[in-house]
$ cat start_11.cif   # mmCIF, C-alpha atoms; chains and numbers go by the auth columns
data_final
loop_
_atom_site.group_PDB
_atom_site.id
_atom_site.type_symbol
_atom_site.label_atom_id
_atom_site.label_comp_id
_atom_site.label_asym_id
_atom_site.label_seq_id
_atom_site.Cartn_x
_atom_site.Cartn_y
_atom_site.Cartn_z
_atom_site.B_iso_or_equiv
_atom_site.auth_seq_id
_atom_site.auth_asym_id
ATOM 1 C CA MET A 1 41.886 -24.554 -23.820 0.00 1 A
ATOM 2 C CA ALA A 2 45.640 -24.372 -23.282 0.00 2 A
ATOM 3 C CA LEU A 3 47.550 -22.720 -26.086 0.00 3 A
ATOM 4 C CA VAL A 4 51.163 -23.927 -26.024 0.00 4 A
ATOM 5 C CA GLN A 5 54.050 -22.476 -28.014 0.00 5 A
ATOM 6 C CA PRO A 6 57.776 -23.254 -27.834 0.00 6 A
ATOM 7 C CA ALA A 7 60.061 -20.493 -26.515 0.00 7 A
ATOM 8 C CA THR A 8 61.940 -20.330 -29.825 0.00 8 A
ATOM 9 C CA ARG A 9 58.717 -19.294 -31.557 0.00 9 A
ATOM 10 C CA LEU A 10 58.338 -16.392 -29.124 0.00 10 A
ATOM 11 C CA ARG A 11 61.613 -14.973 -30.446 0.00 11 A
ATOM 12 C CA THR A 12 60.871 -15.612 -34.107 0.00 12 A
ATOM 13 C CA ASP A 13 57.101 -15.036 -34.274 0.00 13 A
ATOM 14 C CA TYR A 14 56.135 -12.740 -31.387 0.00 14 A
ATOM 15 C CA ASN A 15 53.471 -10.876 -33.401 0.00 15 A
ATOM 16 C CA ARG A 16 51.592 -14.077 -34.275 0.00 16 A
ATOM 17 C CA ILE A 17 51.640 -15.296 -30.660 0.00 17 A
ATOM 18 C CA ALA A 18 50.512 -11.879 -29.365 0.00 18 A
ATOM 19 C CA GLU A 19 47.671 -11.835 -31.897 0.00 19 A
ATOM 20 C CA LEU A 20 46.656 -15.348 -30.829 0.00 20 A
ATOM 21 C CA ALA A 21 46.478 -14.186 -27.199 0.00 21 A
ATOM 22 C CA ARG A 22 44.453 -11.100 -28.195 0.00 22 A
ATOM 23 C CA LYS A 23 41.983 -12.974 -30.382 0.00 23 A
ATOM 24 C CA THR A 24 41.320 -15.853 -27.978 0.00 24 A
ATOM 25 C CA GLY A 25 41.624 -13.997 -24.662 0.00 25 A
ATOM 26 C CA GLU A 26 43.304 -17.155 -23.386 0.00 26 A
ATOM 27 C CA PRO A 27 46.773 -17.444 -21.869 0.00 27 A
ATOM 28 C CA VAL A 28 49.498 -18.796 -24.151 0.00 28 A
ATOM 29 C CA TYR A 29 51.942 -21.090 -22.363 0.00 29 A
ATOM 30 C CA ILE A 30 55.528 -20.728 -23.534 0.00 30 A
ATOM 31 C CA THR A 31 57.558 -23.908 -23.129 0.00 31 A
ATOM 32 C CA ARG A 32 61.224 -24.766 -23.235 0.00 32 A
ATOM 33 C CA LYS A 33 62.048 -28.444 -23.783 0.00 33 A
ATOM 34 C CA ASP A 34 58.322 -29.204 -23.322 0.00 34 A
ATOM 35 C CA ILE A 35 58.334 -27.676 -19.817 0.00 35 A
ATOM 36 C CA PRO A 36 56.023 -24.679 -19.250 0.00 36 A
ATOM 37 C CA GLU A 37 58.164 -21.654 -18.478 0.00 37 A
ATOM 38 C CA LEU A 38 56.132 -18.481 -19.138 0.00 38 A
ATOM 39 C CA VAL A 39 52.554 -17.389 -19.695 0.00 39 A
ATOM 40 C CA LEU A 40 51.678 -14.668 -22.182 0.00 40 A
ATOM 41 C CA MET A 41 48.262 -13.008 -21.930 0.00 41 A
ATOM 42 C CA ASP A 42 46.476 -10.168 -23.627 0.00 42 A
ATOM 43 C CA PHE A 43 46.562 -7.199 -21.244 0.00 43 A
ATOM 44 C CA ASP A 44 42.775 -6.633 -21.315 0.00 44 A
ATOM 45 C CA ALA A 45 42.142 -10.321 -20.577 0.00 45 A
ATOM 46 C CA PHE A 46 44.667 -10.133 -17.728 0.00 46 A
ATOM 47 C CA GLN A 47 42.959 -7.068 -16.213 0.00 47 A
ATOM 48 C CA GLU A 48 39.554 -8.766 -16.445 0.00 48 A
ATOM 49 C CA ARG A 49 40.956 -11.887 -14.783 0.00 49 A
ATOM 50 C CA GLU A 50 42.459 -9.796 -11.970 0.00 50 A
ATOM 51 C CA GLN A 51 39.120 -8.039 -11.427 0.00 51 A
ATOM 52 C CA VAL A 52 37.300 -11.378 -11.191 0.00 52 A
ATOM 53 C CA ILE A 53 39.838 -12.596 -8.627 0.00 53 A
ATOM 54 C CA LYS A 54 39.442 -9.427 -6.539 0.00 54 A
ATOM 55 C CA LEU A 55 35.643 -9.620 -6.633 0.00 55 A
ATOM 56 C CA SER A 56 35.711 -13.325 -5.746 0.00 56 A
ATOM 57 C CA ASP A 57 37.948 -12.523 -2.781 0.00 57 A
ATOM 58 C CA ILE A 58 35.486 -9.872 -1.579 0.00 58 A
ATOM 59 C CA VAL A 59 32.555 -12.287 -1.846 0.00 59 A
ATOM 60 C CA LEU A 60 34.425 -15.104 -0.116 0.00 60 A
ATOM 61 C CA SER A 61 35.576 -12.751 2.664 0.00 61 A
ATOM 62 C CA GLY A 62 31.966 -11.700 3.208 0.00 62 A
ATOM 63 C CA ASP A 63 30.817 -15.311 3.332 0.00 63 A
ATOM 64 C CA LEU A 64 33.570 -16.163 5.800 0.00 64 A
ATOM 65 C CA GLU A 65 32.650 -13.220 8.037 0.00 65 A
ATOM 66 C CA ARG A 66 28.971 -14.199 7.912 0.00 66 A
ATOM 67 C CA LEU A 67 29.834 -17.765 8.895 0.00 67 A
ATOM 68 C CA ARG A 68 32.033 -16.556 11.760 0.00 68 A
ATOM 69 C CA GLU A 69 29.174 -14.445 13.098 0.00 69 A
ATOM 70 C CA ALA A 70 26.864 -17.452 12.975 0.00 70 A
ATOM 71 C CA GLY A 71 28.814 -19.035 15.831 0.00 71 A
ATOM 72 C CA ASP A 72 29.434 -22.708 16.380 0.00 72 A
ATOM 73 C CA LEU A 73 27.411 -25.121 14.303 0.00 73 A
ATOM 74 C CA SER A 74 26.583 -28.728 14.876 0.00 74 A
ATOM 75 C CA ILE A 75 27.750 -31.205 12.248 0.00 75 A
ATOM 76 C CA GLU A 76 24.226 -31.360 10.849 0.00 76 A
ATOM 77 C CA GLU A 77 23.983 -27.559 10.660 0.00 77 A
ATOM 78 C CA ALA A 78 27.387 -27.311 8.969 0.00 78 A
ATOM 79 C CA GLU A 79 26.368 -29.950 6.424 0.00 79 A
ATOM 80 C CA ALA A 80 23.157 -28.027 5.707 0.00 80 A
ATOM 81 C CA VAL A 81 25.130 -24.809 5.152 0.00 81 A
ATOM 82 C CA LEU A 82 27.579 -26.573 2.815 0.00 82 A
ATOM 83 C CA LYS A 83 24.757 -28.224 0.895 0.00 83 A
ATOM 84 C CA LYS A 84 23.001 -24.875 0.477 0.00 84 A
ATOM 85 C CA PHE A 85 26.283 -23.302 -0.684 0.00 85 A
ATOM 86 C CA ASN A 86 26.957 -26.122 -3.180 0.00 86 A
ATOM 87 C CA ASP A 87 23.412 -25.940 -4.575 0.00 87 A
ATOM 88 C CA ARG A 88 23.900 -22.319 -5.727 0.00 88 A
#

$ encode --input "start_11.cif" --output "structure tokens"
Amino acid sequence: MALVQPATRLRTDYNRIAELARKTGEPVYITRKDIPELVLMDFDAFQEREQVIKLSDIVLSGDLERLREAGDLSIEEAEAVLKKFNDR
């Protein structure tokens, strides 16, 4: 769920916005004139998000390498691989 706060509130009520980010673990979008400008996140939630991204990259790199080693596939074989991947 997107948590949106105006930029003026960041100046006047930083502690409340920081507590909101800590409690929910969700990013808080800071807007100016209803246009998203900044994102404020709890540091622990940010570190966890970064770790998930790094691990996902490792898994996807491994999958890509495995597919490269498999060689050329026919259209039917490629569709079977994609179906198997999507069914996970």

$ residues_around --input "start_11.cif" --residues "Tyr29 in chain A" --least-positions-apart "4" --cutoff "9 Å" --atoms "all atoms listed in the file" --output "NGL selection string"
:A and (2-6 or 36-41)

$ closest_residue --input "start_11.cif" --among "A:Val52, A:Leu67, A:Ile30, A:Ala80" --to "Ala18 in chain A" --atoms "only C-alpha atoms"
A:Ile30

$ resolve_selection --input "start_11.cif" --expression "the PyMOL selection byres ((chain A and resi 22) around 9)" --output "PyMOL selection string"
chain A and resi 17-21+23-26+41-45

$ write_last_selection --input "start_11.cif" --atoms "C-alpha atoms" --output "CSV table (one decimal), in the coordinates of the input"
chain,number,residue,atom,x,y,z
A,17,ILE,CA,51.6,-15.3,-30.7
A,18,ALA,CA,50.5,-11.9,-29.4
A,19,GLU,CA,47.7,-11.8,-31.9
A,20,LEU,CA,46.7,-15.3,-30.8
A,21,ALA,CA,46.5,-14.2,-27.2
A,23,LYS,CA,42.0,-13.0,-30.4
A,24,THR,CA,41.3,-15.9,-28.0
A,25,GLY,CA,41.6,-14.0,-24.7
A,26,GLU,CA,43.3,-17.2,-23.4
A,41,MET,CA,48.3,-13.0,-21.9
A,42,ASP,CA,46.5,-10.2,-23.6
A,43,PHE,CA,46.6,-7.2,-21.2
A,44,ASP,CA,42.8,-6.6,-21.3
A,45,ALA,CA,42.1,-10.3,-20.6

$ axis_aligned_box --input "start_11.cif" --around "range 29-38 of chain A" --padding-each-side "8 Å" --output "lines of an AutoDock Vina configuration file"
center_x = 57.0
center_y = -23.8
center_z = -21.1
size_x = 26.1
size_y = 26.7
size_z = 21.3

$ closest_residue --input "start_11.cif" --among "A:Asp13, A:Ala7, A:Gly62, A:Ser56" --to "Ile35 in chain A" --atoms "all atoms listed in the file"
A:Ala7

$ closest_residue --input "start_11.cif" --among "A:Arg66, A:Gln51, A:Thr31, A:Thr8" --to "Val81 in chain A" --atoms "all atoms listed in the file"
A:Arg66
